[in-house]
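Peer 1: Following this line is model-v7.pdb, made up of PDB, C-alpha atoms, pLDDT in the B column:
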```pdb
MODEL        1
ATOM      1  CA  MET A 740      52.511   4.644  38.264  1.00 54.00           C
ATOM      2  CA  LYS A 741      49.939   7.100  36.882  1.00 51.00           C
ATOM      3  CA  THR A 742      48.750   4.500  34.398  1.00 56.00           C
ATOM      4  CA  LYS A 743      48.142   1.930  37.155  1.00 50.00           C
ATOM      5  CA  LEU A 744      46.337   4.503  39.273  1.00 44.00           C
ATOM      6  CA  ALA A 745      44.144   5.503  36.318  1.00 45.00           C
ATOM      7  CA  LEU A 746      43.348   1.838  35.613  1.00 48.00           C
ATOM      8  CA  VAL A 747      42.418   1.165  39.247  1.00 43.00           C
ATOM      9  CA  LEU A 748      40.242   4.280  39.331  1.00 39.00           C
ATOM     10  CA  THR A 749      38.492   3.268  36.105  1.00 42.00           C
ATOM     11  CA  VAL A 750      37.768  -0.229  37.435  1.00 40.00           C
ATOM     12  CA  CYS A 751      36.436   1.170  40.729  1.00 39.00           C
ATOM     13  CA  LEU A 752      34.113   3.545  38.911  1.00 36.00           C
ATOM     14  CA  ALA A 753      32.886   0.871  36.494  1.00 38.00           C
ATOM     15  CA  LEU A 754      32.368  -1.819  39.150  1.00 41.00           C
ATOM     16  CA  PRO A 755      28.767  -0.896  40.064  1.00 41.00           C
ATOM     17  CA  ALA A 756      27.774  -1.061  36.393  1.00 39.00           C
ATOM     18  CA  LEU A 757      29.408  -4.477  36.053  1.00 44.00           C
ATOM     19  CA  CYS A 758      27.510  -5.802  39.082  1.00 47.00           C
ATOM     20  CA  ASN A 759      24.066  -5.419  37.529  1.00 51.00           C
ATOM     21  CA  ASP A 760      22.457  -8.473  36.016  1.00 62.00           C
ATOM     22  CA  PHE A 761      19.088  -8.622  34.330  1.00 73.00           C
ATOM     23  CA  SER A 762      16.345  -6.825  36.194  1.00 87.00           C
ATOM     24  CA  ILE A 763      13.773  -9.009  37.903  1.00 90.00           C
ATOM     25  CA  GLN A 764      11.173  -6.676  36.373  1.00 90.00           C
ATOM     26  CA  GLN A 765      12.162  -8.091  32.945  1.00 90.00           C
ATOM     27  CA  VAL A 766      11.243 -11.590  34.126  1.00 93.00           C
ATOM     28  CA  ILE A 767       8.489 -11.787  36.761  1.00 93.00           C
ATOM     29  CA  GLY A 768       4.980 -11.619  35.315  1.00 94.00           C
ATOM     30  CA  LYS A 769       6.215 -11.957  31.732  1.00 94.00           C
ATOM     31  CA  ALA A 770       5.426 -14.579  29.094  1.00 95.00           C
ATOM     32  CA  PRO A 771       8.124 -17.148  28.202  1.00 95.00           C
ATOM     33  CA  LYS A 772       8.971 -15.420  24.907  1.00 94.00           C
ATOM     34  CA  GLN A 773       9.448 -12.103  26.723  1.00 94.00           C
ATOM     35  CA  VAL A 774      11.755 -13.752  29.258  1.00 94.00           C
ATOM     36  CA  ASP A 775      13.706 -15.399  26.417  1.00 94.00           C
ATOM     37  CA  ALA A 776      14.101 -11.985  24.778  1.00 92.00           C
ATOM     38  CA  ALA A 777      15.340 -10.429  28.040  1.00 91.00           C
ATOM     39  CA  ILE A 778      17.794 -13.124  29.172  1.00 91.00           C
ATOM     40  CA  GLY A 779      18.534 -15.191  26.074  1.00 91.00           C
ATOM     41  CA  LYS A 780      17.946 -18.697  24.803  1.00 93.00           C
ATOM     42  CA  PRO A 781      17.058 -21.095  27.639  1.00 94.00           C
ATOM     43  CA  LEU A 782      19.526 -23.867  28.436  1.00 94.00           C
ATOM     44  CA  SER A 783      16.658 -26.236  29.180  1.00 94.00           C
ATOM     45  CA  ILE A 784      12.874 -26.221  29.143  1.00 94.00           C
ATOM     46  CA  GLY A 785      10.878 -28.331  31.587  1.00 91.00           C
ATOM     47  CA  GLU A 786       7.991 -30.585  30.642  1.00 86.00           C
ATOM     48  CA  GLY A 787       5.111 -28.560  29.255  1.00 85.00           C
ATOM     49  CA  GLY A 788       7.197 -25.384  29.373  1.00 87.00           C
ATOM     50  CA  THR A 789       6.461 -24.779  33.061  1.00 92.00           C
ATOM     51  CA  PHE A 790      10.142 -24.360  33.905  1.00 93.00           C
ATOM     52  CA  ARG A 791      13.080 -22.784  32.084  1.00 96.00           C
ATOM     53  CA  GLU A 792      16.744 -22.578  32.987  1.00 96.00           C
ATOM     54  CA  TYR A 793      18.963 -19.751  31.737  1.00 95.00           C
ATOM     55  CA  GLY A 794      22.675 -19.114  32.088  1.00 92.00           C
ATOM     56  CA  THR A 795      24.464 -15.774  31.928  1.00 88.00           C
ATOM     57  CA  LYS A 796      28.056 -14.772  32.554  1.00 89.00           C
ATOM     58  CA  ARG A 797      27.189 -13.703  36.095  1.00 91.00           C
ATOM     59  CA  SER A 798      24.332 -15.959  37.148  1.00 93.00           C
ATOM     60  CA  ALA A 799      22.017 -18.889  36.558  1.00 94.00           C
ATOM     61  CA  TRP A 800      18.275 -18.171  36.372  1.00 95.00           C
ATOM     62  CA  TYR A 801      15.591 -20.783  37.089  1.00 96.00           C
ATOM     63  CA  VAL A 802      12.163 -19.479  36.110  1.00 96.00           C
ATOM     64  CA  ARG A 803       8.823 -21.215  36.766  1.00 96.00           C
ATOM     65  CA  PHE A 804       5.744 -20.361  34.740  1.00 96.00           C
ATOM     66  CA  ALA A 805       2.042 -20.679  35.558  1.00 94.00           C
ATOM     67  CA  LYS A 806      -0.742 -19.651  33.187  1.00 93.00           C
ATOM     68  CA  ASN A 807       1.908 -18.502  30.681  1.00 93.00           C
ATOM     69  CA  LYS A 808       3.434 -15.973  33.119  1.00 95.00           C
ATOM     70  CA  ALA A 809       6.670 -16.181  35.118  1.00 95.00           C
ATOM     71  CA  THR A 810       5.646 -16.582  38.752  1.00 95.00           C
ATOM     72  CA  VAL A 811       8.872 -17.616  40.489  1.00 96.00           C
ATOM     73  CA  ALA A 812      12.474 -16.770  39.612  1.00 95.00           C
ATOM     74  CA  THR A 813      15.515 -18.134  41.420  1.00 96.00           C
ATOM     75  CA  VAL A 814      18.837 -16.450  40.670  1.00 95.00           C
ATOM     76  CA  LYS A 815      22.076 -18.169  41.665  1.00 96.00           C
ATOM     77  CA  PHE A 816      25.041 -15.800  41.306  1.00 95.00           C
ATOM     78  CA  ARG A 817      28.439 -17.159  40.326  1.00 93.00           C
ATOM     79  CA  THR A 818      30.112 -14.578  42.561  1.00 93.00           C
ATOM     80  CA  ALA A 819      28.539 -13.977  45.957  1.00 94.00           C
ATOM     81  CA  PHE A 820      27.715 -10.577  47.456  1.00 96.00           C
ATOM     82  CA  PRO A 821      28.746  -9.310  50.919  1.00 96.00           C
ATOM     83  CA  THR A 822      25.153  -8.398  51.913  1.00 95.00           C
ATOM     84  CA  PRO A 823      21.663  -9.591  50.966  1.00 95.00           C
ATOM     85  CA  GLU A 824      20.810  -6.032  49.901  1.00 93.00           C
ATOM     86  CA  ALA A 825      23.701  -6.024  47.400  1.00 94.00           C
ATOM     87  CA  ALA A 826      22.423  -9.273  45.865  1.00 95.00           C
ATOM     88  CA  LEU A 827      18.963  -7.750  45.436  1.00 94.00           C
ATOM     89  CA  GLN A 828      20.382  -4.592  43.891  1.00 93.00           C
ATOM     90  CA  ALA A 829      22.148  -6.745  41.289  1.00 93.00           C
ATOM     91  CA  ILE A 830      18.739  -7.804  39.906  1.00 92.00           C
ATOM     92  CA  GLY A 831      17.214  -4.342  40.138  1.00 91.00           C
ATOM     93  CA  LEU A 832      15.483  -4.474  43.536  1.00 90.00           C
ATOM     94  CA  ASN A 833      16.179  -1.627  45.920  1.00 88.00           C
ATOM     95  CA  LEU A 834      14.819  -2.267  49.406  1.00 85.00           C
ATOM     96  CA  GLY A 835      14.981   1.260  50.707  1.00 85.00           C
ATOM     97  CA  LYS A 836      14.170   1.070  54.430  1.00 88.00           C
ATOM     98  CA  ALA A 837      12.179  -2.165  54.258  1.00 90.00           C
ATOM     99  CA  GLU A 838      12.942  -4.619  57.035  1.00 93.00           C
ATOM    100  CA  PRO A 839      12.891  -8.402  56.497  1.00 94.00           C
ATOM    101  CA  ILE A 840       9.981 -10.340  57.990  1.00 96.00           C
ATOM    102  CA  LYS A 841      12.324 -13.245  58.753  1.00 95.00           C
ATOM    103  CA  THR A 842      16.003 -13.061  59.578  1.00 95.00           C
ATOM    104  CA  THR A 843      18.228 -16.037  60.298  1.00 95.00           C
ATOM    105  CA  PHE A 844      21.947 -16.577  60.002  1.00 94.00           C
ATOM    106  CA  LEU A 845      21.605 -17.958  56.452  1.00 96.00           C
ATOM    107  CA  LEU A 846      18.379 -16.334  55.218  1.00 97.00           C
ATOM    108  CA  ARG A 847      16.607 -12.988  54.827  1.00 97.00           C
ATOM    109  CA  ARG A 848      12.957 -12.854  53.706  1.00 97.00           C
ATOM    110  CA  TRP A 849      10.825  -9.855  52.742  1.00 95.00           C
ATOM    111  CA  ALA A 850       7.092  -9.890  51.941  1.00 93.00           C
ATOM    112  CA  ASN A 851       4.890  -7.621  49.820  1.00 89.00           C
ATOM    113  CA  LEU A 852       7.762  -5.589  48.472  1.00 83.00           C
ATOM    114  CA  LYS A 853       7.858  -3.951  45.023  1.00 79.00           C
ATOM    115  CA  GLY A 854       4.815  -5.939  43.854  1.00 83.00           C
ATOM    116  CA  MET A 855       6.384  -9.281  44.796  1.00 89.00           C
ATOM    117  CA  SER A 856       4.730 -11.527  47.373  1.00 93.00           C
ATOM    118  CA  VAL A 857       7.948 -13.036  48.786  1.00 95.00           C
ATOM    119  CA  ILE A 858      11.624 -12.195  48.253  1.00 96.00           C
ATOM    120  CA  THR A 859      14.212 -14.493  49.823  1.00 97.00           C
ATOM    121  CA  VAL A 860      17.999 -14.112  49.850  1.00 97.00           C
ATOM    122  CA  SER A 861      20.083 -17.006  51.150  1.00 97.00           C
ATOM    123  CA  SER A 862      23.695 -17.771  51.947  1.00 96.00           C
ATOM    124  CA  LEU A 863      25.740 -20.901  52.480  1.00 91.00           C
ATOM    125  CA  ASP A 864      27.906 -19.456  55.258  1.00 94.00           C
ATOM    126  CA  GLY A 865      26.230 -16.248  56.450  1.00 92.00           C
ATOM    127  CA  ARG A 866      28.860 -14.007  54.849  1.00 94.00           C
ATOM    128  CA  ARG A 867      28.469 -14.549  51.113  1.00 96.00           C
ATOM    129  CA  TRP A 868      24.961 -14.099  49.747  1.00 96.00           C
ATOM    130  CA  ASP A 869      24.510 -15.819  46.401  1.00 95.00           C
ATOM    131  CA  THR A 870      20.901 -16.955  45.910  1.00 96.00           C
ATOM    132  CA  VAL A 871      17.788 -14.816  45.410  1.00 96.00           C
ATOM    133  CA  GLU A 872      14.276 -16.227  45.018  1.00 97.00           C
ATOM    134  CA  VAL A 873      11.407 -13.964  43.997  1.00 95.00           C
ATOM    135  CA  GLU A 874       7.727 -14.990  43.939  1.00 96.00           C
ATOM    136  CA  LYS A 875       5.006 -12.910  42.322  1.00 91.00           C
TER     137      LYS A 875
ENDMDL
END
```
Let me see whether you can do it: turn the structure in this file into structure tokens.

Peer 2:
Amino acid sequence: MKTKLALVLTVCLALPALCNDFSIQQVIGKAPKQVDAAIGKPLSIGEGGTFREYGTKRSAWYVRFAKNKATVATVKFRTAFPTPEAALQAIGLNLGKAEPIKTTFLLRRWANLKGMSVITVSSLDGRRWDTVEVEK
């Protein structure tokens, strides 16, 4: 019984650390080689290198480049989060007290936050938030 309790306690304490993916700061505004170093080898590279697709254990990253800098990153999580804020925290964005500029049942959008022009979190059913798009 004590062993099970200790195991459950260990998992509960380690869970926040397991929920973090790569930080968006490691991707947005970076050159393709820097993004490759942060996330890993791309699964595919679009024509002319303007688009790269990456896969991790927790998510799929779609990164668009303009003028050799990452300008848009879309993160699709394999496991959804209960709130849009939790999904953003998983990629290193903490909203603080910022309010979304647009709120619908399936979408939350913030503007001019943390040096990003637009941050969008979307859901398929309004309860599980699994997609984050960040534009620089």

Peer 1: Which residues match the PyMOL selection byres ((chain A and resi 857) around 10) in the file above, as a list in words?

Peer 2: Val811, Ile840, Arg848, Trp849, Ala850, Asn851, Leu852, Lys853, Gly854, Met855, Ser856, Ile858, Thr859, Glu872, Val873, Glu874 and Lys875 of chain A

Peer 1: If you take every atom of range 860-872 of chain A that the file lists and fit an axis-aligned box around them with 8 Å extra on each side, what centre and edge lengths come out in Å to one decimal, as AutoDock Vina command-line options?

Peer 2:
```
--center_x 21.6 --center_y -17.5 --center_z 50.7 --size_x 30.6 --size_y 22.9 --size_z 27.4
```

Peer 1: What separation in Å, quoted to one decimal, exists between CA of Ser861 in chain A and CA of Gln773 in chain A?

Peer 2: 27.1 Å

Peer 1: Could you work out how far CA of Lys815 in chain A lies from CA of Trp800 in chain A, giving the answer in Å with one decimal?

Peer 2: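 CA of Lys815 in chain A lies 6.5 Å from CA of Trp800 in chain A.
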
Peer 1: Tell me which protein, DNA and RNA residues are within 7 Å of range 818-827 of chain A, counting all atoms listed in the file, leaving out same-chain ones fewer than 3 positions away, and put them as a list in words.

Peer 2: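 Here the qualifying residues turn out to be Ile830, Gly831, Leu832, Asn833, Val860, Arg866, Arg867, Trp868 and Asp869 of chain A.
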
Peer 1: Atoms to include: C-alpha atoms. Write the selected residues as a compact mmCIF listing (two decimals), in the coordinates of the input.

Peer 2:
```
# COMPACT_ATOMS: atom_id res chain seq x y z
CA ILE A 830 18.74 -7.80 39.91
CA GLY A 831 17.21 -4.34 40.14
CA LEU A 832 15.48 -4.47 43.54
CA ASN A 833 16.18 -1.63 45.92
CA VAL A 860 18.00 -14.11 49.85
CA ARG A 866 28.86 -14.01 54.85
CA ARG A 867 28.47 -14.55 51.11
CA TRP A 868 24.96 -14.10 49.75
CA ASP A 869 24.51 -15.82 46.40
```

Peer 1: Work out how far apart CA of Gly835 in chain A and CA of Arg797 in chain A are and give it in Å to one decimal.

Peer 2: 24.2 Å

Peer 1: Write out as a list in words which residues come within 7 Å of Val814 in chain A when counting all atoms listed in the file, dropping same-chain ones fewer than 6 positions away.

Peer 2: Ser798, Ala799, Trp800, Tyr801, Thr870, Val871 and Glu872 of chain A

Peer 1: Pick from A:Lys769, A:Phe844, A:Ala812, A:Ala776: nearest to Phe790 in chain A, with only C-alpha atoms counted?

Peer 2: A:Ala812

Peer 1: Taking the file as shown, what set of residues would the PyMOL selection byres ((chain A and resi 766-768) around 6) give back, as a VMD selection string?

Peer 2: chain A and resid 763 to 765 769 774 808 to 810

Peer 1: I need the residue set behind the PyMOL selection byres ((chain A and resi 791) around 8) for this file; please write it as a PyMOL selection string.

Peer 2: chain A and resi 781-785+788-790+792-793+801-803

Peer 1: When distances are computed from only C-alpha atoms, which of A:Phe816, A:Asp864, A:Phe761, A:Leu846 shows the smallest separation from Gly779 in chain A?

Peer 2: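 Of all the options, A:Phe761 lies closest to Gly779 in chain A.
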